[in-house]
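First up is the structure itself, then whatever we jot down about it.
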Amino acid sequence: MTANAAISAMANLLVIAGLPFLFYFVYQKVRYRRGFGEIAQRAGLRLGSGRYVGYSLAFALAGALILLIWPPPVAPFVRDGSPQQVFRGLGLGLPSVLMALLYGVVKTGFPEELLFRGLIAGSLSRRLSPLWANLGQALIFFAPHLLVLRIMPEMWGFLPIVFFGSLFLGWVRIKSGSIIGPWLIHATANVAICLSVASRTAT
């Protein structure tokens, strides 16, 4: 099961992050003759300001604590089609922790942050005001997350959290020039939800 999770995570990493970054790299290299280091920085692949990493860490821990105290209903997450369904009945142990890290950090956290915050928000912020760039990236990130309603229609109340959370992640990315902080927040939330499902459905 862990091996399958690793394969799925790497495939997602390649499709959502690897290919868009490759196209971006080729475009920047051919059109503007930029080097790899400059291109990576433009995509948010740098540490950025430590202050914003600190903000992100605090936000991530607060979010994980909220999920621990007031967890969302578990039923929608164990439904067929839900990405967290594979955590059903696993309990808290090494396999579930490894799978949660693969899902939250590698499969969703980094690829989505590189694509939406690194490439999209970064490009928009160089062409628009910070306000409009942030709003634009949040709307683009929010649109595919509407598909969650096909599997979990009762989770519609969660969507404003996704949107306003995306605004915060975009703000951190634009202010810091880095996706490290947004990646930390995104990954922590996804790992926490996976482990919550695993622990609350333990047999």
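Letters A, B, ... go to the chains of the structure tokens in the order shown; residues in each chain start at 1; ligands are counted from 1 in the same order.
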Compile a residue-level contact table for stretch 34-93 of chain A against stretch 19-30 of chain A at a cut-off of 9 Å, reporting for every qualifying residue the shortest atom pair and its distance in Å to one decimal, with only C-alpha atoms counted, rows ordered by chain and ascending number, as CSV.
residue,atom,partner,partner_atom,distance
A:Arg34,CA,A:Lys29,CA,5.0
A:Gly35,CA,A:Lys29,CA,6.7
A:Phe36,CA,A:Phe25,CA,7.6
A:Ile39,CA,A:Phe25,CA,6.5
A:Ala40,CA,A:Phe25,CA,8.3
A:Ala43,CA,A:Phe21,CA,8.1
task = Find the residues near A:Gln41: any atom within 9 Å, counting only C-alpha atoms, skip ones fewer than 4 places away on the same chain, and give them as a list in words.
result = Phe36, Gly37, Leu45, Arg46, Gly177 and Ser178 of chain A
Write out as a PDB file with C-alpha atoms, in the first residue's frame the residues lying within 8 Å of stretch 182-196 of chain A, counting only C-alpha atoms and excluding same-chain residues fewer than 3 positions away.
ATOM      1  CA  SER A  56       3.485  30.037   7.762  1.00  0.00           C
ATOM      2  CA  LEU A  57       4.673  27.703  10.488  1.00  0.00           C
ATOM      3  CA  PHE A  59      -0.542  29.246  10.598  1.00  0.00           C
ATOM      4  CA  ALA A  60       0.142  25.584   9.800  1.00  0.00           C
ATOM      5  CA  LEU A  61       0.278  24.590  13.481  1.00  0.00           C
ATOM      6  CA  GLY A  63      -4.696  24.859  11.362  1.00  0.00           C
ATOM      7  CA  ALA A  64      -3.568  21.406  12.484  1.00  0.00           C
ATOM      8  CA  LEU A  67      -8.490  20.076  12.774  1.00  0.00           C
ATOM      9  CA  LEU A  68      -7.565  18.118  15.891  1.00  0.00           C
ATOM     10  CA  PRO A  71     -12.310  17.602  12.908  1.00  0.00           C
ATOM     11  CA  GLN A  84      -8.478  10.051   1.750  1.00  0.00           C
ATOM     12  CA  PHE A  87      -6.678   5.828   4.953  1.00  0.00           C
ATOM     13  CA  GLY A  91      -5.111   3.796  12.487  1.00  0.00           C
ATOM     14  CA  LEU A  92      -2.046   5.774  13.523  1.00  0.00           C
ATOM     15  CA  SER A  96      -0.395   5.641   7.693  1.00  0.00           C
ATOM     16  CA  VAL A  97       2.108   8.364   8.642  1.00  0.00           C
ATOM     17  CA  ALA A 100       0.012  10.805   4.757  1.00  0.00           C
ATOM     18  CA  LEU A 101       3.396  12.450   4.220  1.00  0.00           C
ATOM     19  CA  TYR A 103       0.078  12.457  -0.032  1.00  0.00           C
ATOM     20  CA  GLY A 104       0.302  15.796   1.770  1.00  0.00           C
ATOM     21  CA  VAL A 105       3.901  16.770   1.081  1.00  0.00           C
ATOM     22  CA  THR A 108      -0.482  17.500  -3.365  1.00  0.00           C
ATOM     23  CA  GLY A 109       1.410  20.077  -1.286  1.00  0.00           C
ATOM     24  CA  PHE A 110       4.491  20.686  -3.416  1.00  0.00           C
ATOM     25  CA  GLU A 113       2.063  25.093  -4.646  1.00  0.00           C
ATOM     26  CA  ARG A 117       1.579  29.810  -6.209  1.00  0.00           C
ATOM     27  CA  LEU A 169      -1.023  31.386   0.715  1.00  0.00           C
ATOM     28  CA  GLY A 170      -0.864  33.738  -2.250  1.00  0.00           C
ATOM     29  CA  VAL A 172       2.791  34.777   1.615  1.00  0.00           C
ATOM     30  CA  ARG A 173       4.118  33.737  -1.803  1.00  0.00           C
ATOM     31  CA  ILE A 179       6.589  28.815  -2.096  1.00  0.00           C
ATOM     32  CA  SER A 199      -7.238   7.499  13.419  1.00  0.00           C
ATOM     33  CA  ARG A 200     -11.018   7.967  13.530  1.00  0.00           C
TER      34      ARG A 200
END
inquiry  = Just list as an NGL selection string whatever in stretch 60-200 of chain A DSSP marks as alpha helix (DSSP H).
reply    = :A and (60-69 or 94-101 or 110-112 or 122-125 or 130-145 or 148-151 or 159-176 or 180-200)
Give me a file of those residues, with C-alpha atoms, as a PDB file, in the first residue's frame.
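The new file again_6.pdb reads:
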ATOM      1  CA  ALA A  60       0.142  25.584   9.800  1.00  0.00           C
ATOM      2  CA  LEU A  61       0.278  24.590  13.481  1.00  0.00           C
ATOM      3  CA  ALA A  62      -2.896  26.563  14.228  1.00  0.00           C
ATOM      4  CA  GLY A  63      -4.696  24.859  11.362  1.00  0.00           C
ATOM      5  CA  ALA A  64      -3.568  21.406  12.484  1.00  0.00           C
ATOM      6  CA  LEU A  65      -4.728  22.183  16.033  1.00  0.00           C
ATOM      7  CA  ILE A  66      -8.148  23.302  14.782  1.00  0.00           C
ATOM      8  CA  LEU A  67      -8.490  20.076  12.774  1.00  0.00           C
ATOM      9  CA  LEU A  68      -7.565  18.118  15.891  1.00  0.00           C
ATOM     10  CA  ILE A  69     -10.090  19.899  18.115  1.00  0.00           C
ATOM     11  CA  LEU A  94       4.170   4.056  10.500  1.00  0.00           C
ATOM     12  CA  PRO A  95       2.347   3.026   7.287  1.00  0.00           C
ATOM     13  CA  SER A  96      -0.395   5.641   7.693  1.00  0.00           C
ATOM     14  CA  VAL A  97       2.108   8.364   8.642  1.00  0.00           C
ATOM     15  CA  LEU A  98       4.310   7.573   5.622  1.00  0.00           C
ATOM     16  CA  MET A  99       1.298   7.520   3.314  1.00  0.00           C
ATOM     17  CA  ALA A 100       0.012  10.805   4.757  1.00  0.00           C
ATOM     18  CA  LEU A 101       3.396  12.450   4.220  1.00  0.00           C
ATOM     19  CA  PHE A 110       4.491  20.686  -3.416  1.00  0.00           C
ATOM     20  CA  PRO A 111       3.026  20.158  -6.914  1.00  0.00           C
ATOM     21  CA  GLU A 112       0.004  22.371  -6.291  1.00  0.00           C
ATOM     22  CA  GLY A 122       4.475  34.527  -9.557  1.00  0.00           C
ATOM     23  CA  SER A 123       3.652  35.342 -13.177  1.00  0.00           C
ATOM     24  CA  LEU A 124       0.536  37.309 -12.253  1.00  0.00           C
ATOM     25  CA  SER A 125       2.397  39.318  -9.605  1.00  0.00           C
ATOM     26  CA  PRO A 130      -0.387  42.391  -5.675  1.00  0.00           C
ATOM     27  CA  LEU A 131      -4.122  42.560  -4.881  1.00  0.00           C
ATOM     28  CA  TRP A 132      -5.301  41.484  -8.326  1.00  0.00           C
ATOM     29  CA  ALA A 133      -2.527  38.934  -8.730  1.00  0.00           C
ATOM     30  CA  ASN A 134      -3.467  37.322  -5.431  1.00  0.00           C
ATOM     31  CA  LEU A 135      -7.169  37.318  -6.232  1.00  0.00           C
ATOM     32  CA  GLY A 136      -6.491  35.838  -9.664  1.00  0.00           C
ATOM     33  CA  GLN A 137      -4.377  32.964  -8.387  1.00  0.00           C
ATOM     34  CA  ALA A 138      -6.921  32.231  -5.637  1.00  0.00           C
ATOM     35  CA  LEU A 139      -9.757  31.975  -8.154  1.00  0.00           C
ATOM     36  CA  ILE A 140      -7.697  29.729 -10.423  1.00  0.00           C
ATOM     37  CA  PHE A 141      -6.809  27.484  -7.461  1.00  0.00           C
ATOM     38  CA  PHE A 142     -10.405  27.473  -6.234  1.00  0.00           C
ATOM     39  CA  ALA A 143     -12.007  26.431  -9.545  1.00  0.00           C
ATOM     40  CA  PRO A 144     -10.792  22.788  -9.682  1.00  0.00           C
ATOM     41  CA  HIS A 145     -11.558  22.369  -5.975  1.00  0.00           C
ATOM     42  CA  VAL A 148     -14.980  18.053  -4.526  1.00  0.00           C
ATOM     43  CA  LEU A 149     -18.733  18.663  -4.482  1.00  0.00           C
ATOM     44  CA  ARG A 150     -19.214  15.743  -6.874  1.00  0.00           C
ATOM     45  CA  ILE A 151     -17.944  13.364  -4.189  1.00  0.00           C
ATOM     46  CA  LEU A 159     -15.047  25.813   0.128  1.00  0.00           C
ATOM     47  CA  PRO A 160     -14.801  29.344   1.604  1.00  0.00           C
ATOM     48  CA  ILE A 161     -11.948  28.048   3.783  1.00  0.00           C
ATOM     49  CA  VAL A 162     -10.205  26.812   0.635  1.00  0.00           C
ATOM     50  CA  PHE A 163     -10.659  30.182  -1.079  1.00  0.00           C
ATOM     51  CA  PHE A 164      -9.602  32.414   1.809  1.00  0.00           C
ATOM     52  CA  GLY A 165      -6.788  30.019   2.669  1.00  0.00           C
ATOM     53  CA  SER A 166      -5.592  30.343  -0.918  1.00  0.00           C
ATOM     54  CA  LEU A 167      -5.593  34.121  -0.542  1.00  0.00           C
ATOM     55  CA  PHE A 168      -3.350  33.804   2.504  1.00  0.00           C
ATOM     56  CA  LEU A 169      -1.023  31.386   0.715  1.00  0.00           C
ATOM     57  CA  GLY A 170      -0.864  33.738  -2.250  1.00  0.00           C
ATOM     58  CA  TRP A 171      -0.091  36.690   0.017  1.00  0.00           C
ATOM     59  CA  VAL A 172       2.791  34.777   1.615  1.00  0.00           C
ATOM     60  CA  ARG A 173       4.118  33.737  -1.803  1.00  0.00           C
ATOM     61  CA  ILE A 174       3.969  37.262  -3.249  1.00  0.00           C
ATOM     62  CA  LYS A 175       5.433  38.961  -0.183  1.00  0.00           C
ATOM     63  CA  SER A 176       8.217  36.410   0.371  1.00  0.00           C
ATOM     64  CA  ILE A 180       8.201  27.338   1.049  1.00  0.00           C
ATOM     65  CA  GLY A 181       5.668  28.909   3.423  1.00  0.00           C
ATOM     66  CA  PRO A 182       2.589  28.018   1.351  1.00  0.00           C
ATOM     67  CA  TRP A 183       3.944  24.496   0.841  1.00  0.00           C
ATOM     68  CA  LEU A 184       4.362  24.099   4.602  1.00  0.00           C
ATOM     69  CA  ILE A 185       0.769  25.192   5.290  1.00  0.00           C
ATOM     70  CA  HIS A 186      -0.768  23.175   2.455  1.00  0.00           C
ATOM     71  CA  ALA A 187       1.137  20.013   3.317  1.00  0.00           C
ATOM     72  CA  THR A 188       0.369  20.260   7.030  1.00  0.00           C
ATOM     73  CA  ALA A 189      -3.367  20.599   6.411  1.00  0.00           C
ATOM     74  CA  ASN A 190      -3.470  17.653   4.020  1.00  0.00           C
ATOM     75  CA  VAL A 191      -1.379  15.416   6.286  1.00  0.00           C
ATOM     76  CA  ALA A 192      -3.573  16.316   9.270  1.00  0.00           C
ATOM     77  CA  ILE A 193      -6.775  15.416   7.412  1.00  0.00           C
ATOM     78  CA  CYS A 194      -5.340  12.071   6.260  1.00  0.00           C
ATOM     79  CA  LEU A 195      -4.197  11.132   9.750  1.00  0.00           C
ATOM     80  CA  SER A 196      -7.518  12.266  11.199  1.00  0.00           C
ATOM     81  CA  VAL A 197      -9.337   9.875   8.847  1.00  0.00           C
ATOM     82  CA  ALA A 198      -6.899   7.063   9.659  1.00  0.00           C
ATOM     83  CA  SER A 199      -7.238   7.499  13.419  1.00  0.00           C
ATOM     84  CA  ARG A 200     -11.018   7.967  13.530  1.00  0.00           C
TER      85      ARG A 200
END
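The interatomic distance for the pair atom CA of A:Val106 and atom CA of A:Gly118 works out to 15.3 Å.
Minimum atom-to-atom distances from A:Leu102, A:Leu115, A:Ala3, A:Met155 to A:Ile16 were compared using only C-alpha atoms, and the lowest value belongs to A:Leu115.
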request  = Could you check how far atom CA of A:Val15 sits from atom CA of A:Ala121, in Å to one decimal?
outcome  = 18.7 Å
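Minimum atom-to-atom distances from A:Gly93, A:Arg33, A:Pro73, A:Gly44 to A:Phe158 were compared using only C-alpha atoms, and the lowest value belongs to A:Pro73.
One finds atom CA of A:Val86 at 12.2 Å from atom CA of A:Ser8.
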